[in-house]
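Below: structure_18.txt (compact mmCIF, C-alpha atoms)
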```txt
# COMPACT_ATOMS: atom_id res chain seq x y z
CA MET X 328 -28.09 -59.30 -84.86
CA ASP X 329 -29.08 -60.04 -81.28
CA GLY X 330 -25.79 -58.60 -79.94
CA LEU X 331 -25.83 -55.59 -82.23
CA PHE X 332 -28.82 -53.80 -80.71
CA PRO X 333 -27.47 -53.65 -77.14
CA ALA X 334 -24.12 -52.30 -78.39
CA VAL X 335 -25.81 -49.62 -80.48
CA GLY X 336 -28.03 -48.66 -77.50
CA ALA X 337 -24.98 -48.30 -75.25
CA ILE X 338 -23.24 -46.06 -77.80
CA LEU X 339 -26.33 -43.86 -78.16
CA LEU X 340 -26.67 -43.57 -74.37
CA GLN X 341 -23.02 -42.49 -73.97
CA SER X 342 -23.38 -39.90 -76.75
CA THR X 343 -26.53 -38.52 -75.14
CA ARG X 344 -24.78 -38.18 -71.74
CA ARG X 345 -21.85 -36.45 -73.39
CA ARG X 346 -24.16 -33.90 -75.04
CA GLN X 347 -25.93 -33.27 -71.72
CA ASN X 348 -22.69 -32.76 -69.83
CA ALA X 349 -21.14 -30.63 -72.56
CA GLY X 350 -22.92 -27.44 -71.42
CA LYS X 351 -22.20 -27.99 -67.71
CA LYS X 352 -19.08 -26.74 -65.88
CA PRO X 353 -17.14 -29.46 -64.12
CA ASN X 354 -17.19 -29.08 -60.35
CA LYS X 355 -14.93 -30.55 -57.73
CA LEU X 356 -17.29 -33.42 -56.86
CA ASN X 357 -17.57 -34.55 -60.53
CA VAL X 358 -13.80 -34.45 -60.96
CA ILE X 359 -13.29 -36.44 -57.76
CA ALA X 360 -15.99 -38.96 -58.86
CA PHE X 361 -14.36 -39.36 -62.26
CA TRP X 362 -10.99 -39.81 -60.63
CA ASN X 363 -12.40 -42.39 -58.18
CA GLN X 364 -13.51 -44.60 -61.07
CA LYS X 365 -9.84 -45.28 -61.87
CA LYS X 366 -8.76 -46.15 -58.30
CA ARG X 367 -9.02 -49.14 -56.06
CA PRO X 368 -11.90 -49.44 -53.55
CA GLU X 369 -9.85 -48.25 -50.49
CA GLU X 370 -8.43 -45.36 -52.49
CA LYS X 371 -11.90 -44.48 -53.74
CA MET X 372 -13.23 -44.41 -50.11
CA ALA X 373 -10.41 -42.15 -48.89
CA ALA X 374 -10.78 -39.80 -51.86
CA SER X 375 -14.57 -39.65 -51.33
CA MET X 376 -14.19 -38.71 -47.64
CA LEU X 377 -11.56 -36.09 -48.51
CA GLY X 378 -13.84 -34.63 -51.18
CA GLN X 379 -16.79 -34.44 -48.82
CA ARG X 380 -14.76 -32.71 -46.11
CA THR X 381 -13.28 -30.27 -48.63
CA ALA X 382 -16.73 -29.42 -49.98
CA ALA X 383 -18.09 -28.94 -46.43
CA LEU X 384 -15.16 -26.64 -45.51
CA CYS X 385 -15.60 -24.57 -48.68
CA GLY X 386 -19.32 -24.19 -47.98
CA ALA X 387 -18.74 -23.15 -44.39
CA LEU X 388 -16.16 -20.53 -45.41
CA LYS X 389 -18.51 -19.20 -48.06
CA ARG X 390 -21.43 -18.94 -45.64
CA ALA X 391 -19.24 -17.28 -42.98
CA SER X 392 -17.98 -14.67 -45.45
CA LEU X 393 -21.46 -13.83 -46.75
CA SER X 394 -23.56 -14.01 -43.57
CA LYS X 395 -23.61 -11.49 -40.75
CA ALA X 396 -22.67 -12.13 -37.14
CA VAL X 397 -25.29 -14.21 -35.45
CA LEU X 398 -26.08 -13.95 -31.75
CA LEU X 399 -28.09 -16.34 -29.62
CA ALA X 400 -30.65 -14.84 -27.27
CA SER X 401 -32.62 -16.91 -24.78
CA CYS X 402 -36.38 -16.55 -24.50
CA ARG X 403 -39.32 -18.57 -23.21
CA SER X 404 -39.61 -20.71 -26.33
CA GLY X 405 -35.89 -21.38 -26.58
CA PHE X 406 -33.11 -19.59 -28.39
CA VAL X 407 -33.80 -16.92 -30.98
CA LEU X 408 -31.24 -16.01 -33.58
CA GLN X 409 -30.63 -12.29 -33.75
CA ALA X 410 -28.48 -10.69 -36.39
CA ALA X 411 -26.21 -8.03 -34.88
CA SER X 412 -25.16 -5.24 -37.17
CA TYR X 413 -23.09 -2.17 -36.15
CA ASN X 414 -22.81 0.76 -38.49
CA PRO X 415 -20.95 3.56 -36.69
CA LYS X 416 -21.44 7.08 -37.89
CA PRO X 417 -18.35 8.68 -39.41
CA LEU X 418 -16.64 11.22 -37.14
CA LYS X 419 -16.83 14.76 -38.38
CA LEU X 420 -13.20 15.61 -37.73
CA ASN X 421 -11.08 17.98 -39.71
CA LEU X 422 -7.57 16.59 -39.41
CA ARG X 423 -6.06 18.81 -42.08
CA ASP X 424 -6.67 22.27 -40.59
CA PRO X 425 -5.55 23.15 -37.00
CA TYR X 426 -8.16 23.03 -34.27
CA ILE X 427 -8.99 26.55 -33.12
CA PRO X 428 -11.56 26.59 -30.25
CA ASP X 429 -14.42 29.06 -30.30
CA LYS X 430 -14.06 31.11 -27.11
CA GLU X 431 -17.56 32.54 -27.41
CA SER X 432 -19.22 29.11 -27.50
CA ASN X 433 -20.57 27.59 -24.28
CA LYS X 434 -19.49 24.13 -25.43
CA THR X 435 -15.82 25.10 -25.37
CA PRO X 436 -14.11 24.04 -22.10
CA GLU X 437 -12.82 26.79 -19.86
CA TRP X 438 -9.24 25.59 -19.98
CA GLN X 439 -9.24 26.16 -23.76
CA LYS X 440 -10.10 29.83 -23.20
CA THR X 441 -7.04 30.63 -21.08
CA SER X 442 -3.90 32.45 -22.17
CA ARG X 443 -1.88 29.33 -21.41
CA TYR X 444 -3.78 27.40 -24.09
CA ASP X 445 -3.30 30.34 -26.50
CA ARG X 446 0.46 30.09 -25.97
CA LYS X 447 0.24 26.36 -26.67
CA LEU X 448 -1.70 26.94 -29.89
CA PHE X 449 0.72 29.61 -31.09
CA GLY X 450 3.71 27.39 -30.30
CA ARG X 451 2.16 24.48 -32.23
CA HIS X 452 0.59 26.21 -35.27
CA GLY X 453 2.19 29.65 -35.35
CA SER X 454 0.28 32.42 -37.09
CA ALA X 455 -2.29 29.86 -38.34
CA SER X 456 -3.66 29.69 -34.80
CA GLY X 457 -5.03 33.24 -35.07
CA VAL X 458 -3.49 34.27 -31.76
CA ALA X 459 -1.84 37.68 -31.56
CA PRO X 460 1.78 37.35 -30.37
CA ALA X 461 1.46 40.54 -28.29
CA SER X 462 -1.24 38.90 -26.13
CA LEU X 463 1.13 36.09 -25.20
CA TRP X 464 3.45 38.39 -23.23
CA PRO X 465 2.79 38.17 -19.44
CA SER X 466 0.85 40.93 -17.71
CA PRO X 467 2.60 43.22 -15.18
CA GLU X 468 1.22 41.18 -12.27
CA GLU X 469 2.39 37.90 -13.82
CA LEU X 470 5.78 39.43 -14.62
CA GLU X 471 6.25 40.51 -10.99
CA ARG X 472 5.28 37.05 -9.80
CA LEU X 473 7.75 35.44 -12.21
CA ILE X 474 10.53 37.80 -11.07
CA ALA X 475 9.78 36.99 -7.40
CA GLU X 476 9.81 33.24 -8.11
CA GLU X 477 13.09 33.52 -10.01
CA ALA X 478 14.65 35.54 -7.18
CA GLU X 479 13.49 32.92 -4.66
CA TRP X 480 14.39 29.74 -6.53
CA HIS X 481 17.23 31.00 -8.79
CA PRO X 482 19.07 33.76 -6.88
CA PRO X 483 22.27 35.38 -8.24
CA LEU X 484 25.69 33.97 -7.46
CA GLU X 485 26.54 36.70 -4.94
CA VAL X 486 23.36 36.02 -2.98
CA MET X 487 24.02 32.26 -3.01
CA LEU X 488 27.60 32.77 -1.69
CA LYS X 489 26.30 35.10 1.03
CA ASN X 490 23.69 32.54 2.06
CA ILE X 491 26.35 29.81 2.20
CA LYS X 492 28.59 31.94 4.46
CA THR X 493 25.67 32.78 6.74
CA ARG X 494 24.68 29.12 7.00
CA GLU X 495 28.27 28.08 7.75
CA LYS X 496 28.52 30.75 10.45
CA GLU X 497 25.28 29.56 12.09
CA GLU X 498 26.47 25.94 11.99
CA THR X 499 29.79 26.96 13.60
CA GLN X 500 28.01 28.84 16.38
CA MET X 501 25.72 25.89 17.04
CA ARG X 502 28.69 23.50 17.15
CA LEU X 503 30.62 25.74 19.59
CA ALA X 504 27.58 26.08 21.84
CA LYS X 505 27.11 22.31 21.84
CA GLU X 506 30.79 21.72 22.66
CA LYS X 507 30.58 24.26 25.50
CA LEU X 508 27.52 22.51 26.94
CA ILE X 509 29.25 19.12 26.71
CA ALA X 510 32.36 20.49 28.48
CA ALA X 511 30.24 21.99 31.28
CA ASN X 512 28.36 18.71 31.75
CA MET X 513 31.60 16.73 31.77
CA ALA X 514 32.94 19.03 34.50
CA LYS X 515 29.84 18.26 36.57
CA MET X 516 30.05 14.55 35.86
CA PRO X 517 32.05 13.48 39.01
CA LYS X 518 29.62 15.29 41.34
CA MET X 519 26.62 13.89 39.43
CA VAL X 520 28.03 10.35 39.67
CA GLU X 521 28.69 10.80 43.39
CA ASP X 522 25.17 12.11 44.00
CA TRP X 523 23.71 9.17 42.05
CA ARG X 524 25.71 6.68 44.09
CA ARG X 525 24.69 8.38 47.34
CA GLU X 526 21.01 8.27 46.33
CA LYS X 527 21.37 4.58 45.50
CA ARG X 528 22.98 3.90 48.90
CA GLU X 529 20.27 5.86 50.73
CA ALA X 530 17.50 4.05 48.82
CA LYS X 531 19.13 0.70 49.59
CA GLN X 532 19.56 1.61 53.28
CA LYS X 533 15.98 2.81 53.49
CA LEU X 534 14.71 -0.43 51.93
CA LYS X 535 16.80 -2.42 54.40
CA GLU X 536 15.45 -0.45 57.37
CA GLU X 537 11.91 -0.92 56.12
CA LYS X 538 12.40 -4.69 55.87
CA GLU X 539 13.90 -4.81 59.39
CA ARG X 540 11.03 -2.74 60.80
CA LYS X 541 8.48 -4.99 59.09
CA ALA X 542 10.17 -8.11 60.47
CA LYS X 543 10.27 -6.54 63.95
CA LEU X 544 6.55 -5.70 63.79
CA LEU X 545 5.70 -9.23 62.65
CA ALA X 546 7.75 -10.69 65.54
CA GLU X 547 6.01 -8.39 68.00
CA ALA X 548 2.59 -9.32 66.63
CA ARG X 549 3.47 -13.02 66.93
CA GLU X 550 4.49 -12.48 70.57
CA ARG X 551 1.35 -10.48 71.32
CA PHE X 552 -1.23 -12.70 69.56
CA GLY X 553 0.62 -16.03 69.69
CA TYR X 554 0.53 -16.82 65.93
CA ASN X 555 1.88 -15.51 62.64
CA MET X 556 -0.22 -12.72 61.20
CA ASP X 557 -0.78 -11.46 57.70
CA PRO X 558 0.67 -7.94 57.28
CA ARG X 559 -2.58 -7.01 55.45
CA SER X 560 -4.93 -8.11 58.27
CA PRO X 561 -6.87 -5.42 60.18
CA LYS X 562 -5.45 -6.53 63.56
CA PHE X 563 -1.89 -6.11 62.32
CA LEU X 564 -2.67 -2.69 60.85
CA GLU X 565 -4.28 -1.59 64.14
CA MET X 566 -1.22 -2.78 66.08
CA VAL X 567 1.12 -0.88 63.72
CA ALA X 568 -0.96 2.31 64.11
CA GLU X 569 -0.85 1.94 67.90
CA ILE X 570 2.95 1.39 67.91
CA GLU X 571 3.49 4.41 65.64
CA LYS X 572 1.35 6.50 67.99
CA GLU X 573 3.45 5.44 70.98
CA GLU X 574 6.69 6.17 69.11
CA LYS X 575 5.37 9.59 68.18
CA LYS X 576 4.64 10.34 71.84
CA LYS X 577 8.13 9.17 72.82
CA ARG X 578 9.76 11.42 70.21
CA LYS X 579 7.66 14.34 71.39
CA LEU X 580 8.66 13.80 75.05
CA LEU X 581 12.31 13.47 73.98
CA ARG X 582 12.22 16.81 72.19
CA ARG X 583 10.63 18.51 75.24
CA ARG X 584 13.32 17.09 77.52
CA GLU X 585 16.07 18.31 75.22
CA LYS X 586 14.54 21.78 75.15
CA ALA X 587 14.29 21.82 78.99
CA GLU X 588 17.93 20.78 79.34
CA GLN X 589 19.03 23.49 76.97
CA ALA X 590 17.03 26.09 78.95
CA ALA X 591 18.56 24.97 82.29
CA VAL X 592 22.14 25.39 81.10
CA PRO X 593 23.27 29.05 81.95
CA PRO X 594 24.76 31.02 79.09
CA ALA X 595 28.54 31.36 79.09
CA ALA X 596 29.93 34.68 80.51
CA PRO X 597 31.79 36.90 78.06
CA PRO X 598 35.56 37.05 78.61
CA ALA X 599 36.86 40.03 80.64
CA ALA X 600 38.55 42.78 78.80
CA GLN X 601 42.33 42.90 79.31
CA SER X 602 43.72 46.07 80.92
```

Write-out of the structure in structure tokens:
Amino acid sequence: MDGLFPAVGAILLQSTRRRQNAGKKPNKLNVIAFWNQKKRPEEKMAASMLGQRTAALCGALKRASLSKAVLLASCRSGFVLQAASYNPKPLKLNLRDPYIPDKESNKTPEWQKTSRYDRKLFGRHGSASGVAPASLWPSPEELERLIAEEAEWHPPLEVMLKNIKTREKEETQMRLAKEKLIAANMAKMPKMVEDWRREKREAKQKLKEEKERKAKLLAEARERFGYNMDPRSPKFLEMVAEIEKEEKKKRKLLRRREKAEQAAVPPAAPPAAQS
């Protein structure tokens, strides 16, 4: 009798728990807990951790799908969570019917009021654009401009052949003139080379004479003053000016003497006429 009462109490307790759990839906944690009762301790620990992580992941996905976007904004007291919601207004666009601009409205751009845009509308939508085909034809001024542009950029075949012949004739004349100039310059080439060589010889001779004159002046200055002088010194420049003055006087006296000798010579008598 002593062992009967505890057994009966255990049976009653199990039946009570069964009745309580009969109306509840089994969740993932209860299934995992029931399954863990039949496993070893290490298997129970691994299954428990897996169940906890699975439950945490499911809760996070559920919260993320139901909650709005959350932004963090800093303030004096810390961070304040602000829910950001964006509800754009639907665009009032009519994509079924063609867009026909209102030319009398001030909101319509000017480029949509031109005849060029009317041609574009008529080419895209046809008669549904509401544009009269007669208004698309160019005006007399535009027609003249188009004809002039076509004549300039797309001339007829006869005009193109005439232009080619004229251009070839001009190129031939320019080539002949260039060849003539080259021939004339080649004919002058020997004389030009000779003149260039003569100028080079004269420049070389003049430089040589200048060096000899400078050396002569330096030797004379050394004899006069007893030491070598700098060609840039004032004494040397004064001596050079004095020597040039004396040479100028000598040349002047020489010219006067030659003139006097020419005046003293009597002119030759004309030959007598033969009888």

Could you tell me how far CA of Glu585 (chain X) sits from CA of Glu569 (chain X), in Å to one decimal place?
24.7 Å

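The two atoms in question, CA of Ala461 (chain X) and CA of Ser442 (chain X), are spaced 11.5 Å apart.
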
Restricting the calculation to all atoms listed in the file: of X:Pro558, X:Ile427, X:Lys575, X:Leu580, which residue gets closest to Lys440 (chain X)?
X:Ile427

Select, counting only C-alpha atoms, all protein, DNA and RNA residues no farther than 12 Å from (-1.4, 21.1, -37.0) in file coordinates, and express the selection as a ChimeraX atom specification.
/X:421-427,447-456

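When CA of Pro417 (chain X) is paired with CA of Pro436 (chain X), their separation reads 23.5 Å.
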